[in-house]
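*Asks:* Sharing coords33.pdb (PDB, C-alpha atoms, pLDDT in the B column) below.
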```
ATOM      1  CA  MET A 470      26.268  -7.396  -3.338  1.00 56.00           C
ATOM      2  CA  LEU A 471      26.028  -4.376  -1.105  1.00 67.00           C
ATOM      3  CA  GLU A 472      26.117  -4.892   2.610  1.00 86.00           C
ATOM      4  CA  PHE A 473      23.152  -4.026   4.790  1.00 84.00           C
ATOM      5  CA  GLU A 474      24.899  -1.052   6.405  1.00 87.00           C
ATOM      6  CA  THR A 475      25.582   0.574   3.039  1.00 89.00           C
ATOM      7  CA  ILE A 476      22.030   0.085   1.813  1.00 84.00           C
ATOM      8  CA  PHE A 477      20.605   1.350   5.111  1.00 90.00           C
ATOM      9  CA  PHE A 478      22.875   4.421   5.018  1.00 93.00           C
ATOM     10  CA  VAL A 479      21.691   5.295   1.496  1.00 90.00           C
ATOM     11  CA  PHE A 480      18.061   4.838   2.582  1.00 90.00           C
ATOM     12  CA  VAL A 481      18.424   7.117   5.618  1.00 94.00           C
ATOM     13  CA  LEU A 482      20.339   9.708   3.599  1.00 95.00           C
ATOM     14  CA  ALA A 483      17.637   9.700   0.904  1.00 91.00           C
ATOM     15  CA  ALA A 484      14.898  10.057   3.531  1.00 92.00           C
ATOM     16  CA  PHE A 485      16.543  13.088   5.159  1.00 93.00           C
ATOM     17  CA  LEU A 486      17.354  14.658   1.796  1.00 92.00           C
ATOM     18  CA  GLY A 487      13.774  14.162   0.593  1.00 85.00           C
ATOM     19  CA  LEU A 488      12.401  15.689   3.783  1.00 87.00           C
ATOM     20  CA  GLU A 489      14.655  18.739   3.443  1.00 89.00           C
ATOM     21  CA  ILE A 490      13.735  19.241  -0.208  1.00 83.00           C
ATOM     22  CA  ILE A 491       9.985  18.878   0.369  1.00 79.00           C
ATOM     23  CA  THR A 492       9.968  21.350   3.274  1.00 84.00           C
ATOM     24  CA  LYS A 493      11.648  23.977   1.071  1.00 85.00           C
ATOM     25  CA  VAL A 494       9.062  23.777  -1.730  1.00 79.00           C
ATOM     26  CA  PRO A 495       6.541  26.656  -1.652  1.00 80.00           C
ATOM     27  CA  PRO A 496       2.859  25.662  -1.331  1.00 73.00           C
ATOM     28  CA  THR A 497       2.020  26.900  -4.831  1.00 72.00           C
ATOM     29  CA  LEU A 498       4.399  24.378  -6.366  1.00 75.00           C
ATOM     30  CA  HIS A 499       3.794  21.483  -4.003  1.00 69.00           C
ATOM     31  CA  THR A 500       0.708  19.971  -5.621  1.00 69.00           C
ATOM     32  CA  PRO A 501       1.945  20.145  -9.246  1.00 71.00           C
ATOM     33  CA  LEU A 502       5.204  18.524  -8.164  1.00 74.00           C
ATOM     34  CA  MET A 503       3.328  15.815  -6.293  1.00 72.00           C
ATOM     35  CA  SER A 504       1.125  15.089  -9.296  1.00 69.00           C
ATOM     36  CA  GLY A 505       4.265  14.725 -11.389  1.00 72.00           C
ATOM     37  CA  SER A 506       5.768  12.364  -8.859  1.00 75.00           C
ATOM     38  CA  ASN A 507       2.615  10.252  -9.007  1.00 73.00           C
ATOM     39  CA  ALA A 508       3.428   9.626 -12.649  1.00 70.00           C
ATOM     40  CA  ILE A 509       6.672   8.058 -11.472  1.00 77.00           C
ATOM     41  CA  SER A 510       4.556   5.403  -9.768  1.00 75.00           C
ATOM     42  CA  GLY A 511       4.144   3.953 -13.239  1.00 79.00           C
ATOM     43  CA  VAL A 512       7.763   2.863 -12.965  1.00 82.00           C
ATOM     44  CA  THR A 513       6.903   1.207  -9.651  1.00 81.00           C
ATOM     45  CA  ILE A 514       4.154  -0.739 -11.380  1.00 86.00           C
ATOM     46  CA  VAL A 515       6.573  -2.038 -14.008  1.00 86.00           C
ATOM     47  CA  GLY A 516       9.109  -3.047 -11.343  1.00 82.00           C
ATOM     48  CA  ALA A 517       6.430  -4.779  -9.292  1.00 83.00           C
ATOM     49  CA  ILE A 518       5.247  -6.732 -12.311  1.00 86.00           C
ATOM     50  CA  LEU A 519       8.827  -7.879 -12.901  1.00 84.00           C
ATOM     51  CA  CYS A 520       9.049  -8.988  -9.254  1.00 79.00           C
ATOM     52  CA  MET A 521       6.001 -11.184  -9.714  1.00 82.00           C
ATOM     53  CA  GLN A 522       7.901 -13.593 -11.960  1.00 80.00           C
ATOM     54  CA  ASP A 523       7.954 -17.224 -10.876  1.00 74.00           C
ATOM     55  CA  SER A 524      11.721 -17.288 -10.479  1.00 76.00           C
ATOM     56  CA  TYR A 525      11.684 -14.999  -7.426  1.00 77.00           C
ATOM     57  CA  GLY A 526       9.450 -17.130  -5.201  1.00 81.00           C
ATOM     58  CA  ALA A 527       6.080 -16.875  -3.514  1.00 84.00           C
ATOM     59  CA  TRP A 528       6.878 -13.937  -1.222  1.00 84.00           C
ATOM     60  CA  ALA A 529       8.072 -11.859  -4.162  1.00 83.00           C
ATOM     61  CA  GLN A 530       4.835 -12.614  -5.985  1.00 86.00           C
ATOM     62  CA  VAL A 531       2.717 -11.556  -3.006  1.00 88.00           C
ATOM     63  CA  LEU A 532       4.712  -8.373  -2.406  1.00 86.00           C
ATOM     64  CA  GLY A 533       4.776  -7.624  -6.138  1.00 86.00           C
ATOM     65  CA  PHE A 534       1.009  -8.003  -6.320  1.00 90.00           C
ATOM     66  CA  LEU A 535       0.521  -5.649  -3.370  1.00 91.00           C
ATOM     67  CA  ALA A 536       2.951  -3.166  -4.923  1.00 87.00           C
ATOM     68  CA  VAL A 537       0.999  -3.227  -8.194  1.00 89.00           C
ATOM     69  CA  ILE A 538      -2.262  -2.569  -6.339  1.00 92.00           C
ATOM     70  CA  PHE A 539      -0.895   0.286  -4.210  1.00 89.00           C
ATOM     71  CA  ALA A 540       1.013   1.947  -7.061  1.00 87.00           C
ATOM     72  CA  THR A 541      -2.053   1.748  -9.321  1.00 87.00           C
ATOM     73  CA  VAL A 542      -4.211   3.391  -6.652  1.00 88.00           C
ATOM     74  CA  ASN A 543      -1.517   6.054  -6.193  1.00 84.00           C
ATOM     75  CA  CYS A 544      -1.345   6.786  -9.936  1.00 83.00           C
ATOM     76  CA  PHE A 545      -5.099   6.938 -10.339  1.00 86.00           C
ATOM     77  CA  GLY A 546      -5.610   9.109  -7.252  1.00 82.00           C
ATOM     78  CA  GLY A 547      -2.793  11.445  -8.225  1.00 79.00           C
ATOM     79  CA  PHE A 548      -4.175  12.013 -11.678  1.00 81.00           C
ATOM     80  CA  GLN A 549      -7.681  12.537 -10.262  1.00 84.00           C
ATOM     81  CA  VAL A 550      -6.366  15.231  -7.916  1.00 79.00           C
ATOM     82  CA  THR A 551      -4.460  16.854 -10.779  1.00 77.00           C
ATOM     83  CA  ASP A 552      -7.580  16.863 -12.959  1.00 80.00           C
ATOM     84  CA  ARG A 553      -9.617  18.494 -10.194  1.00 81.00           C
ATOM     85  CA  MET A 554      -6.932  21.127  -9.640  1.00 77.00           C
ATOM     86  CA  LEU A 555      -6.755  21.948 -13.338  1.00 76.00           C
ATOM     87  CA  ALA A 556     -10.546  22.263 -13.401  1.00 80.00           C
ATOM     88  CA  MET A 557     -10.290  24.911 -10.679  1.00 78.00           C
ATOM     89  CA  PHE A 558      -8.104  27.044 -12.943  1.00 76.00           C
ATOM     90  CA  ALA A 559     -10.173  26.576 -16.096  1.00 74.00           C
ATOM     91  CA  SER A 560     -12.032  29.594 -17.397  1.00 73.00           C
ATOM     92  CA  LYS A 561     -15.743  29.860 -16.727  1.00 69.00           C
ATOM     93  CA  LYS A 562     -16.451  29.734 -20.466  1.00 66.00           C
ATOM     94  CA  LYS A 563     -14.795  26.314 -20.744  1.00 61.00           C
ATOM     95  CA  LYS A 564     -16.693  25.035 -17.697  1.00 58.00           C
ATOM     96  CA  LYS A 565     -20.040  25.862 -19.304  1.00 62.00           C
ATOM     97  CA  GLU A 566     -19.069  24.019 -22.515  1.00 62.00           C
ATOM     98  CA  ALA A 567     -18.091  20.836 -20.670  1.00 58.00           C
TER      99      ALA A 567
END
```
Show me this structure written as structure tokens.

*Replies:*
Amino acid sequence: MLEFETIFFVFVLAAFLGLEIITKVPPTLHTPLMSGSNAISGVTIVGAILCMQDSYGAWAQVLGFLAVIFATVNCFGGFQVTDRMLAMFASKKKKKEA
């Protein structure tokens, strides 16, 4: 098993790398990229459901349940924002039909 220092180093490195990448993304691409990353929250939901198994204990079940709730809200909200953004770019003819 990895030691705490190694895991913490990878976490800090990932945080700084993510911050540097996000700050370099132009505003026109930021929202489509974020809506795509919200789809990745589906993987979080699957992992959280696996954590809720009885063999991991009560704390894992509580944290897994909370993770399922938060990731579901994140997925739903992300797709709602994406839908609203796509509606902004729809032609006026399509808006009248809908």

*Asks:* Go through the shown structure with the PyMOL selection byres ((chain A and resi 517) around 10) and write out the matching residues as a list in words.

*Replies:*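 When the PyMOL selection byres ((chain A and resi 517) around 10) is applied to the shown file, the picked residues are Gly511, Val512, Thr513, Ile514, Val515, Gly516, Ile518, Leu519, Cys520, Met521, Gln522, Ala529, Gln530, Val531, Leu532, Gly533, Phe534, Leu535, Ala536, Val537, Ile538 and Ala540 of chain A.
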
*Asks:* Please measure the separation of CA of Phe473 in chain A and CA of Leu486 in chain A, giving the value in Å to one decimal.

*Replies:*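 Taking CA of Phe473 in chain A and CA of Leu486 in chain A, their separation equals 19.8 Å.
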
*Asks:* Could you check how far CA of Pro495 in chain A sits from CA of Phe548 in chain A, in Å to one decimal?

*Replies:*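 Calculated distance between CA of Pro495 in chain A and CA of Phe548 in chain A is 20.7 Å.
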
*Asks:* CA of Ser510 in chain A to CA of Cys544 in chain A: how many Å, to one decimal?

*Replies:*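 Calculated distance between CA of Ser510 in chain A and CA of Cys544 in chain A is 6.1 Å.
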
*Asks:* Between A:Ala527, A:Val494, A:Met503, A:Ala559, which is the closest to Gly547 in chain A once you count all atoms listed in the file?

*Replies:* A:Met503

*Asks:* As AutoDock Vina command-line options, please: the centre and edge lengths in Å, to one decimal, of an axis-aligned box enclosing every listed atom of range 541-559 of chain A with 5 Å added on each side.

*Replies:*
```
--center_x -5.9 --center_y 14.4 --center_z -11.1 --size_x 19.2 --size_y 35.3 --size_z 19.9
```

*Asks:* Could you model N, CA and C atoms for range 492-508 of chain A and present them as a compact mmCIF listing (two decimals), in the frame of the given file?

*Replies:*
```txt
# COMPACT_ATOMS: atom_id res chain seq x y z
N THR A 492 10.31 20.23 2.39
CA THR A 492 9.97 21.35 3.27
C THR A 492 10.34 22.70 2.68
N LYS A 493 11.22 22.72 1.69
CA LYS A 493 11.65 23.98 1.07
C LYS A 493 10.78 24.36 -0.13
N VAL A 494 9.90 23.49 -0.56
CA VAL A 494 9.06 23.78 -1.73
C VAL A 494 7.89 24.67 -1.30
N PRO A 495 7.67 25.79 -2.01
CA PRO A 495 6.54 26.66 -1.65
C PRO A 495 5.20 25.96 -1.93
N PRO A 496 4.17 26.33 -1.18
CA PRO A 496 2.86 25.66 -1.33
C PRO A 496 2.28 25.73 -2.74
N THR A 497 2.59 26.79 -3.49
CA THR A 497 2.02 26.90 -4.83
C THR A 497 2.60 25.88 -5.79
N LEU A 498 3.78 25.38 -5.49
CA LEU A 498 4.40 24.38 -6.37
C LEU A 498 4.24 22.95 -5.85
N HIS A 499 3.81 22.81 -4.62
CA HIS A 499 3.79 21.48 -4.00
C HIS A 499 2.88 20.51 -4.73
N THR A 500 1.65 20.90 -5.00
CA THR A 500 0.71 19.97 -5.62
C THR A 500 1.08 19.62 -7.05
N PRO A 501 1.51 20.56 -7.91
CA PRO A 501 1.94 20.14 -9.25
C PRO A 501 3.15 19.21 -9.21
N LEU A 502 4.06 19.43 -8.28
CA LEU A 502 5.20 18.52 -8.16
C LEU A 502 4.76 17.14 -7.69
N MET A 503 3.81 17.11 -6.78
CA MET A 503 3.33 15.82 -6.29
C MET A 503 2.57 15.07 -7.39
N SER A 504 1.83 15.77 -8.21
CA SER A 504 1.12 15.09 -9.30
C SER A 504 2.13 14.54 -10.31
N GLY A 505 3.22 15.25 -10.51
CA GLY A 505 4.26 14.72 -11.39
C GLY A 505 4.95 13.51 -10.79
N SER A 506 5.13 13.52 -9.49
CA SER A 506 5.77 12.36 -8.86
C SER A 506 4.84 11.15 -8.85
N ASN A 507 3.54 11.38 -8.90
CA ASN A 507 2.62 10.25 -9.01
C ASN A 507 2.78 9.53 -10.34
N ALA A 508 3.18 10.26 -11.36
CA ALA A 508 3.43 9.63 -12.65
C ALA A 508 4.60 8.66 -12.56
```
